[in-house]
Amino acid sequence: MFGTIFKPLFRNKKFIVAFSVFILIVLMGILGPILYPKDPTSFAGKMESPPSKEFPLGTDTYGGDLLAKLLNGIRTSLYIGFLTAVISMVIGLLIGSISAVKGGVVDDILMSFTNIVLTIPNILLAILVATYLKVRSAEVVAILLGVLGWPWFARAIRAQLLSLINREYVYLSRLAGYTDLQLAFEDLIPGIATYALMAFILFINGGILGEAGLSLIGLGPTKGVSLGIILQWAVLMEAVRRGLWWWFIPPGLIIVALTSSLLIVTTTMDEIFNPRLRER
Amino acid sequence: MGETILELRDTKAYYIIEKNFVRAVDGVSLEIKDEIIGIVGESGSGKSTLSNVMLMSIKRPLTFMGGSVKLYTNGNELELTNINREELQKKIWGRETSIIPQSAMNALMPTKRIRSYILDVMKSHFEEIDEKEIIEKAINRFEEIGISGEFINRYPFELSGGMKQRAVIAVATLLNPRLLIADEPTSALDVATQKMVLKTIKELKDKKIVKSIVFITHDIATVRQIADKMVVMYAGKIIEEGTTDEMVSEPLHPYTKGLLFSVVTPEPEVKRRGITYIPGTPPDLINPPPGCRFHPRCPERMEICDKEEPLLKNINQRRVACFLYEKR
Amino acid sequence: MRDHTLNPFIKYLGRRFFFLLLTYFIALTIVFILPRAIPGNPLASILSRIFQTGQANPELLRSVERTLMEEFGLGKPWFVQYVEFITKALRGDLGTSISSYPKKTLELIIPVIPWTLILLIPSILIAWIIGNTLGAFAGYRRGSLVDRIALNTSLIIGQIPYYWLGMLLIFFLSVKLKIFPGQGGYTQGTIPNLSFSFLLDVLSHYILPSLSIIISALGGWAIGTRMLVVNELDSDYVSFSEHLGVKSKTIFGYVFRNSLLPQVTGLALSLGGALGGALITEIIFNYPGTGYLLFRALSTLDYPLIQGIFVILIASIYLANFFVDFIYAIIDPRIRLGQGES
Ligand SMILES: Nc1ncnc2c1ncn2[C@@H]1O[C@H](COP(=O)(O)OP(=O)(O)OP(=O)(O)O)[C@@H](O)[C@H]1O
Ligand code: SF4
Ligand SMILES: [Mg+2]
């Protein structure tokens, strides 16, 4: 089944390119720190030196090796993105599907709640919460972003499910005495699986961008290196105005490459799985 | 019956999806005269596609594969297949031909008052317009069709289903087109409203607002009420054609017989669903059955039926495509 | 037509107003709960942080402590604290700043608000207009080369985070090419006034931060509108209009208009994110707006100031939201005349 679903994707050039870029960056994050085992936080030698043989991406004000930082940063950022996505996904799926399957008052309450969270500006809220947390691990940042990101997904899932529920086969399963839960898992989840996969990817993007934003304000993870933390220090040390391009360009490029490759992956998936948009 | 209004000759139009051809209209020839002609067929038989061919409104993935579509306007003969879409839109559509689309409920621009939409239609056809005169005429047309002229000042969503349907009819016939195609104009309505709308459409012809009407439906009972002539489509082809009276009193093609049987049957369920009474499912138009496309479901199938294709042959005043009527 | 006793327009706005007010209360409540949810004495924790940051003037500290004690209402039952907090917030009394003691936080916030508004509002409107227009044309010519180029560049540009785009703009246009100044809201040392030369100076400082917001927001709007237009082109009124011979230009007008309607609501929803983005952009550009003040408050752990900024920012977002809802209700007849929103 998997094969027949994903085969058309790998015939699409755009998808192949975007997917390769994504995999390349993931590999940099996973294998990079192993293949280039320098400590990203220790003083490596020269301060603020431009890229050289010794330091392929140069060093920062504290003599930190920026390539080592970048590789570790990719790892942390991907981890945060992924974790954020899992959290948003679980909450969104739960709320959206309970809402759709239960209907009635439950639906009303859950949707009002969803709309309220949607309307509270979540970047601001994340900033506010982060302010009060003395220690922020990567996980804490991910939880923060994940807990605020789900509402649009819950709404979309609910809408999708409602349209599925009206179809005949779900009606038949109800007649056959399926419980709500069985119904959700056996009939409905498969119906929204590709959709959820695309949302998952968008959540990863949200997590990566959100982390970088929080870090720039000074509210990123308090330990370790992430892409956002590298940018934060670049800003604090005025790297931009002093022309230390090797400090702030690579992490930004990685963020853009990562998020846009993921986005292209989802849009091509959308084109292929959503025939209405095909050939347009 | 007098002059010919539209003439299709061996028209083919396929939907091209990836590398597959959906043969939705496959060699249809038809002459439309000064009359109401009913086109009947089950869902997916190519009725709506045929209506697009009549207008030569061909949009991807639909592709015109060949044939001729001739429109006769006061003394002129226009080969529509030679005219590009832009020209058609400018000179033919709305003026010579018009359509009440299958989904008439959403056919009106939703965020504009009907009045202002009507003015847009007119401005598209004439350089200079007298707004007052046009609105007056439109109000008249609304009242002719049996809805209050005051509705012209409303938004579409302020009208009920039946009202909306008739507003669409009024707007579609503003320029007194010669040919009006009505694609299942009554399917979305309740029975009482259906009757009224049907009457409205019939009156368009009686009042000489339009010359001929092509009335598309999957409900043979409706056709009986309104059409002079009846055309039965199956799987992208015409399989029988004749005057309504003759077709009803003596259907020739086994498929037509099935259709009619489903109407006379007392079972309400069969009646309601009309055509689905005939056992089996409509064929896949990508790989239609060889020979007679109806043969897998035909109760009178013969040896030859899955080998050769029956042609649409004249029998007296009728046409039928079935080997039962071919002397071999 | 159904005749309600209440005008649907008023009803819609009333509902929106109530909803936003409720949400605002919830936001205020979160602002109230957060510092108190920290385990241990929140005041002590704040003070110990102040000690850590090294502002250890004992006399000043004692006076700060008194003020904080009073303002946080510590020692009183929590619901009294809550009611006091809400009433004070609604009266605009947002407490006393720690880092700029004894200034009221409102005194610090009010002067920076216009800078943020001037940066944010024109930029997001320009992005909205250009993005939607581009998207509409791409959607209308869907599948064409222009569409594909526009779509893919928008996709990627839309993914460039505003803050990084800001850095690039500073680096290339200010540091390398020296076309625009790369930091501040005006040349340092000048005193803000209304002279022509000062306004020109402000404008030259304005361009880069504004550009970074415009460019990064534009792509998203373009993609969204393109999608809406493509869907809209499939709708029944488009083919009906074509078959009535309505001019293509007129039909495009319909499609554009109907696609823009949801984007107006989208604008309201995006305000929060846009404001967050603007705050970070201000930090990157050392632009003297709310974001910069927030950054300073964060680095000095001036909690009352941080809280105050949030109370004001969230309120302004909701006000703006309501304003957009209002506009939307005016331009969409379905809401104005009462055919429920989706
Ligand atoms: N846009 C399209 N793309 C691909 N195939 C299409 C498209 N529109 C119609 N078809 C196919 O062409 C065939 C004929 O469709 P058409 O709409 O003409 O049938 P119809 O007789 O009008 O049916 P109905 O009664 O449901 O309106 C069907 O098999 C249908 O699946
Ligand atoms: S040609 Fe043969 S299969 Fe087709 S309708 Fe006639 S008898 Fe039936
Ligand atoms: Mg049809």
# chains A, B, ... in the order shown; residues from 1 in each chain; ligands from 1
>>> interface_residues(of="chain A", to="chain C", cutoff="6 Å", atoms="only C-alpha atoms", output="mmCIF file with N, CA and C atoms, in the first residue's frame")
data_model
loop_
_atom_site.group_PDB
_atom_site.id
_atom_site.type_symbol
_atom_site.label_atom_id
_atom_site.label_comp_id
_atom_site.auth_asym_id
_atom_site.auth_seq_id
_atom_site.Cartn_x
_atom_site.Cartn_y
_atom_site.Cartn_z
ATOM 1 N N ILE A 116 -10.275 30.254 20.657
ATOM 2 C CA ILE A 116 -9.621 31.177 21.583
ATOM 3 C C ILE A 116 -8.108 31.036 21.482
ATOM 4 N N PRO A 121 -2.434 35.628 20.286
ATOM 5 C CA PRO A 121 -1.231 35.662 19.451
ATOM 6 C C PRO A 121 -0.152 34.756 20.049
ATOM 7 N N ILE A 123 2.917 33.792 19.277
ATOM 8 C CA ILE A 123 4.321 34.179 19.453
ATOM 9 C C ILE A 123 4.467 34.972 20.750
ATOM 10 N N VAL A 240 26.434 41.260 12.107
ATOM 11 C CA VAL A 240 25.912 41.728 10.823
ATOM 12 C C VAL A 240 26.557 43.063 10.456
ATOM 13 N N VAL A 256 16.241 28.373 5.749
ATOM 14 C CA VAL A 256 15.439 28.573 4.541
ATOM 15 C C VAL A 256 15.399 27.292 3.710
ATOM 16 N N SER A 260 11.904 25.507 3.266
ATOM 17 C CA SER A 260 11.269 25.542 1.943
ATOM 18 C C SER A 260 11.305 24.174 1.292
ATOM 19 N N ARG A 280 -3.177 22.062 -13.201
ATOM 20 C CA ARG A 280 -3.755 23.397 -13.205
ATOM 21 C C ARG A 280 -2.653 24.382 -13.430
#
>>> residues_near_ligand(ligand="ligand 3", cutoff="12 Å", atoms="only C-alpha atoms and all ligand atoms", output="ChimeraX atom specification")
/B:24,39-52,100-104,181-185,187,215-218,233,236
>>> interface_residues(of="chain B", to="chain C", cutoff="9 Å", atoms="only C-alpha atoms", output="PyMOL selection string")
chain B and resi 55+57+86+88-95+97-101+103-112+120-125+155+157-160+171-172
>>> residues_near_ligand(ligand="ligand 2", cutoff="8 Å", atoms="only C-alpha atoms and all ligand atoms", output="list in words")
His253, Pro254, Tyr255, Gly291, Cys292, Arg293, Phe294, His295, Pro296, Arg297, Cys298, Pro299, Glu300, Arg301, Met302, Ile304, Cys305, Asp306, Glu309, Pro310, Ala321, Cys322, Phe323, Leu324 and Tyr325 of chain B
>>> interface_residues(of="chain B", to="chain A", cutoff="12 Å", atoms="only C-alpha atoms", output="PyMOL selection string")
chain B and resi 16-18+59-62
>>> write_last_selection(atoms="N, CA and C atoms", output="tab-separated table (two decimals), in the first residue's frame")
chain	number	residue	atom	x	y	z
B	16	ILE	N	-8.93	14.16	-21.10
B	16	ILE	CA	-7.62	13.50	-21.11
B	16	ILE	C	-7.03	13.63	-19.71
B	17	ILE	N	-6.95	12.50	-19.03
B	17	ILE	CA	-6.44	12.49	-17.67
B	17	ILE	C	-5.18	11.66	-17.68
B	18	GLU	N	-4.06	12.30	-17.41
B	18	GLU	CA	-2.77	11.66	-17.59
B	18	GLU	C	-2.74	11.05	-18.98
B	59	LYS	N	-12.71	22.96	-22.31
B	59	LYS	CA	-11.69	23.43	-21.38
B	59	LYS	C	-10.95	22.21	-20.85
B	60	ARG	N	-9.65	22.33	-20.70
B	60	ARG	CA	-8.92	21.20	-20.15
B	60	ARG	C	-9.56	20.72	-18.85
B	61	PRO	N	-9.55	19.43	-18.61
B	61	PRO	CA	-8.97	18.34	-19.41
B	61	PRO	C	-9.85	17.89	-20.59
B	62	LEU	N	-11.02	18.51	-20.77
B	62	LEU	CA	-11.84	18.13	-21.93
B	62	LEU	C	-11.14	18.58	-23.21
>>> closest_residue(among="B:Thr63, B:Glu246, B:Arg85, B:Leu80", to="Asn20 of chain B", atoms="only C-alpha atoms")
B:Thr63
>>> select_by_dssp(residues="segment 2-245 of chain A", states="alpha helix (DSSP H)", output="JSON, numbers by chain")
{"A": [2, 3, 4, 5, 6, 13, 14, 15, 16, 17, 18, 19, 20, 21, 22, 23, 24, 25, 26, 27, 28, 29, 30, 31, 32, 33, 34, 35, 66, 67, 68, 69, 70, 71, 72, 73, 74, 75, 76, 77, 78, 79, 80, 81, 82, 83, 84, 85, 86, 87, 88, 89, 90, 91, 92, 93, 94, 95, 96, 97, 98, 99, 100, 101, 102, 104, 105, 106, 107, 108, 109, 110, 111, 112, 113, 114, 115, 116, 117, 118, 119, 122, 123, 124, 125, 126, 127, 128, 129, 130, 131, 132, 138, 139, 140, 141, 142, 143, 144, 145, 146, 147, 148, 149, 151, 152, 153, 154, 155, 156, 157, 158, 159, 160, 161, 162, 163, 164, 165, 168, 169, 170, 171, 172, 173, 174, 175, 180, 181, 182, 183, 189, 190, 191, 192, 193, 194, 195, 196, 197, 198, 199, 200, 201, 202, 203, 204, 205, 206, 207, 208, 209, 210, 211, 212, 213, 214, 215, 216, 217, 227, 228, 229, 230, 231, 232, 233, 234, 235, 236, 245]}
>>> closest_residue(among="C:Ile179, C:Leu267, C:Val112, C:Leu68", to="Ile327 of chain C", atoms="only C-alpha atoms")
C:Leu267
>>> residues_around(residues="Ile109 of chain A", least_positions_apart="3", cutoff="12 Å", atoms="only C-alpha atoms", output="list in words")
Ile95, Gly96, Ile98, Ser99, Ala100, Lys102, Gly103, Gly104, Val105, Val106, Ser112, Phe113, Thr114, Asn115 and Ile116 of chain A
>>> select_by_dssp(residues="segment 60-252 of chain B", states="strand (DSSP E or B)", output="ChimeraX atom specification")
/B:62-73,76-79,93,97-100,179-183,212-217,229-234,237-243
>>> residues_around(residues="segment 205-219 of chain A", least_positions_apart="4", cutoff="6 Å", atoms="only C-alpha atoms", output="PyMOL selection string")
chain A and resi 77+81+84+130+228-229+232+259
>>> atom_distance(atom1="atom CA of Leu6 of chain B", atom2="atom 31 (O, counted along the ligand's line) of ligand 1")
25.7 Å
>>> residues_around(residues="Ile110 of chain C", least_positions_apart="3", cutoff="12 Å", atoms="only C-alpha atoms", output="number ranges by chain")
C: 92, 94, 104-107, 113-117, 288-290, 293, 305, 308-309, 312-313
>>> atom_distance(atom1="atom CA of Thr133 of chain C", atom2="atom CA of Glu282 of chain C")
27.5 Å
>>> residues_around(residues="Ala329 of chain C", least_positions_apart="3", cutoff="8 Å", atoms="only C-alpha atoms", output="list in words")
Phe9, Tyr12, Leu13, Asp325, Phe326, Asp332, Pro333, Ile335 and Arg336 of chain C
>>> closest_residue(among="C:Gly224, C:Pro192, C:Pro209, C:Pro111", to="Leu173 of chain C", atoms="only C-alpha atoms")
C:Pro209
>>> closest_residue(among="B:Glu136, B:Glu131, B:Asp219, B:Asp190", to="ligand 1", atoms="only C-alpha atoms and all ligand atoms")
B:Asp219
>>> closest_residue(among="B:Asn153, B:Thr200, B:Asn287, B:Gln225", to="ligand 1", atoms="only C-alpha atoms and all ligand atoms")
B:Asn287
